[in-house]
Amino acid sequence: MSDLHSGRVVVVGSFNVDHVWALSALPRPGETLAGRYHTGPGGKGFNQATAAARAGAATSFVCALGEDAGGQLARALAAGDGIDLRDLRSDEPTGTAGIYVDADGRNTIVIGPGANAELSPAFVGEHGEALARARVVLTQLETPVESAEAAFALARAAGALTVLNPAPADAVASTALWALADVITPNETEFCAQLQRRADTRLDPDTLAGLADADLHAHCRRLLAQGSVVITLGKSGCFVSHADGVLRGDTQACYRVAAAAVRAVDTTGAGDAFNGALAASLARGGDAAFAEHVAYANRYAGLSTERAGAAAAMPRDAELKARFG
């Protein structure tokens, strides 16, 4: 990897304005509950870009924003965190999300794509020079799949590592995108949904963490034969599975990493915290074993759950070191 690539992350993805209600229990169908409301920045792409930047990586964010208050918020926040913002300016409203968070920190989320749906492969291609300078390119599935494919194709051509967070769980990733992914990072729900879609195999997300390592490793190989799979399992930490001969500096083809000991109050952006921190650690980490990068991302995600919000909850690298040493 040339010096040009050293430490740089490019995130291609979504920005949303989050509307969040905190309440004692998640509402059931037909039920009306009272809750405490707040609003703030979110969207998987922006959350991950914020995490990557605060974790210490030079970060570019390729996205689509409306010409409205939400778009102005995104531009101001990106500037405040030193994120190199590459935004398509859309006539659609900036994306939004409605989020309920219960007393245990669990959440349910509904997304209105808005401008996010306008992010095009052509616009991604206009920023090929940023992708060519990246060490890690990270994307998700809240923007068009074709744009993610374009980003990964340019990243692969330049020798960057491609990381796909296949979220949300109901999103459909193309065969071409899977083939371009070096690493995928689903949570248990996303893993089971994608495995059923791609390999016609049904698993229960609630029991996934309890499977034997050998069985879980075999399922990972069915989902992404050529690459590495990192399943985030909440309180159960995460499970890592590598393809044969591509151990990324590890000594084992599969293993578990325990969750950090934290006092969670809001898990809304924890998966995004993990992804952004993993990308930053991989970009900055030289020849460290993959397990070390996963452990860093695990601690980072854990610390993010001790704060309310999504992008706003992302800690800085110095805070992580002060908390965990």
# chains A, B, ... in the order shown; residues from 1 in each chain; ligands from 1
>>> closest_atom_pairs(of="range 42-156 of chain A", to="range 305-314 of chain A", cutoff="6 Å", atoms="only C-alpha atoms", output="tab-separated table")
residue	atom	partner	partner_atom	distance
A:Gly42	CA	A:Ala311	CA	5.4
A:Asn47	CA	A:Ala311	CA	4.5
A:Ala51	CA	A:Met314	CA	5.5
>>> residues_around(residues="Glu149 in chain A", least_positions_apart="2", cutoff="12 Å", atoms="only C-alpha atoms", output="MDAnalysis selection string")
chainID A and resid 12:13 120:122 124:125 137:141 143:147 151:156 162:164 173:181
>>> write_last_selection(atoms="N, CA and C atoms", output="short mmCIF file (atom, residue, chain, number, x, y, z; two decimals), in the first residue's frame")
data_model
loop_
_atom_site.label_atom_id
_atom_site.label_comp_id
_atom_site.auth_asym_id
_atom_site.auth_seq_id
_atom_site.Cartn_x
_atom_site.Cartn_y
_atom_site.Cartn_z
N VAL A 12 -19.21 5.77 1.79
CA VAL A 12 -20.24 6.11 0.80
C VAL A 12 -21.57 5.70 1.41
N GLY A 13 -22.50 6.66 1.59
CA GLY A 13 -23.74 6.26 2.25
C GLY A 13 -24.67 7.39 2.57
N SER A 120 -26.10 8.59 -6.96
CA SER A 120 -25.98 7.85 -8.22
C SER A 120 -24.57 7.32 -8.45
N PRO A 121 -24.44 6.24 -9.24
CA PRO A 121 -23.11 5.76 -9.62
C PRO A 121 -22.28 6.84 -10.33
N ALA A 122 -22.93 7.66 -11.12
CA ALA A 122 -22.21 8.72 -11.83
C ALA A 122 -21.59 9.71 -10.85
N VAL A 124 -20.80 9.08 -7.69
CA VAL A 124 -19.71 8.37 -7.03
C VAL A 124 -18.46 8.39 -7.92
N GLY A 125 -18.67 8.15 -9.21
CA GLY A 125 -17.55 8.14 -10.15
C GLY A 125 -16.83 9.48 -10.23
N VAL A 137 -12.57 1.49 2.05
CA VAL A 137 -13.83 2.06 1.56
C VAL A 137 -14.97 1.29 2.20
N LEU A 138 -15.87 2.02 2.85
CA LEU A 138 -16.96 1.44 3.63
C LEU A 138 -18.28 1.92 3.08
N THR A 139 -19.24 0.99 2.92
CA THR A 139 -20.57 1.40 2.48
C THR A 139 -21.61 0.52 3.15
N GLN A 140 -22.87 0.95 3.02
CA GLN A 140 -24.02 0.24 3.57
C GLN A 140 -25.10 0.17 2.51
N LEU A 141 -26.34 -0.12 2.91
CA LEU A 141 -27.41 -0.33 1.93
C LEU A 141 -28.60 0.61 2.14
N THR A 143 -28.47 3.54 0.60
CA THR A 143 -28.41 4.28 -0.66
C THR A 143 -28.44 3.24 -1.79
N PRO A 144 -28.62 3.64 -3.04
CA PRO A 144 -28.75 2.66 -4.11
C PRO A 144 -27.58 1.69 -4.21
N VAL A 145 -27.91 0.42 -4.42
CA VAL A 145 -26.88 -0.63 -4.51
C VAL A 145 -25.91 -0.35 -5.64
N GLU A 146 -26.41 0.21 -6.75
CA GLU A 146 -25.54 0.49 -7.89
C GLU A 146 -24.42 1.48 -7.53
N SER A 147 -24.71 2.40 -6.62
CA SER A 147 -23.70 3.37 -6.19
C SER A 147 -22.65 2.69 -5.31
N ALA A 151 -18.60 2.37 -6.11
CA ALA A 151 -17.56 2.72 -5.14
C ALA A 151 -16.60 1.57 -4.93
N PHE A 152 -17.12 0.36 -4.78
CA PHE A 152 -16.27 -0.80 -4.54
C PHE A 152 -15.43 -1.15 -5.76
N ALA A 153 -15.98 -0.98 -6.94
CA ALA A 153 -15.21 -1.26 -8.16
C ALA A 153 -14.00 -0.31 -8.26
N LEU A 154 -14.22 0.97 -7.97
CA LEU A 154 -13.13 1.93 -8.00
C LEU A 154 -12.12 1.65 -6.87
N ALA A 155 -12.63 1.25 -5.71
CA ALA A 155 -11.75 0.93 -4.59
C ALA A 155 -10.87 -0.27 -4.90
N ARG A 156 -11.48 -1.31 -5.44
CA ARG A 156 -10.72 -2.52 -5.80
C ARG A 156 -9.63 -2.19 -6.82
N THR A 162 -12.31 -3.23 0.85
CA THR A 162 -13.73 -2.89 0.78
C THR A 162 -14.47 -3.54 1.94
N VAL A 163 -15.26 -2.74 2.66
CA VAL A 163 -16.02 -3.22 3.81
C VAL A 163 -17.49 -2.90 3.57
N LEU A 164 -18.32 -3.94 3.56
CA LEU A 164 -19.76 -3.79 3.35
C LEU A 164 -20.50 -4.07 4.64
N ALA A 173 -28.70 -6.78 -1.42
CA ALA A 173 -27.41 -6.49 -2.05
C ALA A 173 -27.25 -7.37 -3.28
N SER A 174 -26.72 -6.81 -4.35
CA SER A 174 -26.56 -7.55 -5.60
C SER A 174 -25.42 -8.56 -5.50
N THR A 175 -25.46 -9.54 -6.38
CA THR A 175 -24.38 -10.52 -6.47
C THR A 175 -23.06 -9.82 -6.77
N ALA A 176 -23.10 -8.80 -7.61
CA ALA A 176 -21.88 -8.06 -7.95
C ALA A 176 -21.29 -7.38 -6.72
N LEU A 177 -22.14 -6.82 -5.86
CA LEU A 177 -21.64 -6.15 -4.67
C LEU A 177 -21.01 -7.14 -3.71
N TRP A 178 -21.64 -8.29 -3.52
CA TRP A 178 -21.06 -9.33 -2.66
C TRP A 178 -19.69 -9.74 -3.18
N ALA A 179 -19.57 -9.86 -4.49
CA ALA A 179 -18.29 -10.30 -5.07
C ALA A 179 -17.19 -9.27 -4.88
N LEU A 180 -17.57 -8.00 -4.71
CA LEU A 180 -16.59 -6.93 -4.54
C LEU A 180 -16.23 -6.66 -3.08
N ALA A 181 -16.90 -7.35 -2.14
CA ALA A 181 -16.69 -7.10 -0.72
C ALA A 181 -15.57 -7.96 -0.17
#
>>> atom_distance(atom1="CA of Glu190 in chain A", atom2="CA of Thr232 in chain A")
9.7 Å
>>> residues_around(residues="Pro315 in chain A", least_positions_apart="3", cutoff="9 Å", atoms="only C-alpha atoms", output="number ranges by chain")
A: 51, 54-55, 273, 300-301, 303-304, 312, 318-320
>>> closest_residue(among="A:Ala134, A:Val240, A:Ala158, A:Val17", to="Ala57 in chain A", atoms="only C-alpha atoms")
A:Ala134
>>> residues_around(residues="Ala261 in chain A", least_positions_apart="4", cutoff="10 Å", atoms="only C-alpha atoms", output="JSON, numbers by chain")
{"A": [235, 299, 302, 303, 324]}
>>> write_last_selection(atoms="N, CA, C and O atoms", output="JSON list (two decimals), in the first residue's frame")
[["chain", "number", "residue", "atom", "x", "y", "z"],
["A", 235, "LYS", "N", -24.47, -7.80, 23.29],
["A", 235, "LYS", "CA", -23.84, -8.14, 24.56],
["A", 235, "LYS", "C", -22.93, -9.36, 24.46],
["A", 235, "LYS", "O", -22.10, -9.60, 25.34],
["A", 299, "ARG", "N", -14.58, -2.06, 21.54],
["A", 299, "ARG", "CA", -14.50, -1.11, 22.65],
["A", 299, "ARG", "C", -15.14, 0.22, 22.26],
["A", 299, "ARG", "O", -15.86, 0.85, 23.05],
["A", 302, "GLY", "N", -18.88, -0.09, 22.24],
["A", 302, "GLY", "CA", -19.37, -0.16, 23.60],
["A", 302, "GLY", "C", -19.43, 1.21, 24.25],
["A", 302, "GLY", "O", -20.44, 1.56, 24.88],
["A", 303, "LEU", "N", -18.38, 2.00, 24.10],
["A", 303, "LEU", "CA", -18.36, 3.34, 24.69],
["A", 303, "LEU", "C", -19.47, 4.21, 24.10],
["A", 303, "LEU", "O", -20.08, 5.02, 24.81],
["A", 324, "PHE", "N", -10.57, 2.86, 28.45],
["A", 324, "PHE", "CA", -10.14, 1.45, 28.45],
["A", 324, "PHE", "C", -8.63, 1.27, 28.56],
["A", 324, "PHE", "O", -8.15, 0.14, 28.69]]
>>> residues_around(residues="range 85-101 of chain A", least_positions_apart="3", cutoff="6 Å", atoms="only C-alpha atoms", output="ChimeraX atom specification")
/A:16-22,60-66,70-71,105-115
>>> write_last_selection(atoms="N, CA and C atoms", output="compact mmCIF listing (two decimals), in the first residue's frame")
# COMPACT_ATOMS: atom_id res chain seq x y z
N ASN A 16 -29.23 11.01 7.62
CA ASN A 16 -30.62 11.22 8.04
C ASN A 16 -30.67 12.21 9.20
N VAL A 17 -31.75 12.92 9.28
CA VAL A 17 -32.08 13.64 10.51
C VAL A 17 -32.90 12.67 11.36
N ASP A 18 -32.38 12.33 12.55
CA ASP A 18 -33.05 11.38 13.44
C ASP A 18 -34.07 12.10 14.32
N HIS A 19 -35.26 11.51 14.41
CA HIS A 19 -36.30 11.95 15.35
C HIS A 19 -36.48 10.81 16.34
N VAL A 20 -36.10 11.06 17.60
CA VAL A 20 -35.97 9.98 18.58
C VAL A 20 -36.92 10.19 19.75
N TRP A 21 -37.62 9.08 20.11
CA TRP A 21 -38.46 9.08 21.29
C TRP A 21 -37.92 8.04 22.26
N ALA A 22 -37.61 8.46 23.48
CA ALA A 22 -37.18 7.55 24.54
C ALA A 22 -38.38 7.26 25.44
N SER A 60 -13.35 10.83 4.16
CA SER A 60 -14.21 11.48 3.18
C SER A 60 -15.58 10.81 3.23
N PHE A 61 -16.63 11.58 3.00
CA PHE A 61 -18.00 11.06 3.02
C PHE A 61 -18.71 11.46 1.74
N VAL A 62 -19.11 10.46 0.95
CA VAL A 62 -19.82 10.67 -0.31
C VAL A 62 -21.29 10.38 -0.07
N CYS A 63 -22.16 11.36 -0.34
CA CYS A 63 -23.57 11.22 0.04
C CYS A 63 -24.44 12.12 -0.84
N ALA A 64 -25.75 12.13 -0.56
CA ALA A 64 -26.69 13.04 -1.21
C ALA A 64 -27.50 13.75 -0.13
N LEU A 65 -27.63 15.07 -0.25
CA LEU A 65 -28.33 15.88 0.74
C LEU A 65 -29.33 16.80 0.06
N GLY A 66 -30.41 17.10 0.77
CA GLY A 66 -31.36 18.08 0.28
C GLY A 66 -30.88 19.49 0.53
N GLY A 70 -31.91 20.05 7.07
CA GLY A 70 -31.18 18.81 7.31
C GLY A 70 -29.85 18.79 6.56
N GLY A 71 -29.87 19.24 5.32
CA GLY A 71 -28.64 19.30 4.54
C GLY A 71 -27.65 20.29 5.13
N GLY A 105 -32.26 0.37 26.35
CA GLY A 105 -31.40 0.81 25.27
C GLY A 105 -31.70 0.17 23.92
N ARG A 106 -32.71 -0.71 23.87
CA ARG A 106 -33.08 -1.34 22.60
C ARG A 106 -33.84 -0.35 21.74
N ASN A 107 -33.81 -0.57 20.41
CA ASN A 107 -34.45 0.42 19.55
C ASN A 107 -35.16 -0.23 18.36
N THR A 108 -36.12 0.50 17.81
CA THR A 108 -36.71 0.18 16.51
C THR A 108 -36.64 1.45 15.68
N ILE A 109 -36.43 1.29 14.34
CA ILE A 109 -36.14 2.43 13.48
C ILE A 109 -36.90 2.31 12.16
N VAL A 110 -37.47 3.41 11.71
CA VAL A 110 -38.08 3.50 10.38
C VAL A 110 -37.41 4.64 9.63
N ILE A 111 -37.04 4.40 8.37
CA ILE A 111 -36.26 5.38 7.60
C ILE A 111 -37.07 5.91 6.41
N GLY A 112 -36.99 7.23 6.18
CA GLY A 112 -37.50 7.85 4.97
C GLY A 112 -36.31 8.29 4.12
N PRO A 113 -36.00 7.60 3.01
CA PRO A 113 -34.74 7.83 2.29
C PRO A 113 -34.53 9.24 1.78
N GLY A 114 -35.57 9.86 1.19
CA GLY A 114 -35.41 11.21 0.66
C GLY A 114 -34.23 11.31 -0.30
N ALA A 115 -33.35 12.27 -0.08
CA ALA A 115 -32.21 12.51 -0.96
C ALA A 115 -31.28 11.31 -1.06
>>> residues_around(residues="Leu224 in chain A", least_positions_apart="2", cutoff="9 Å", atoms="only C-alpha atoms", output="NGL selection string")
:A and (178-179 or 181-184 or 219-222 or 226-229 or 243)
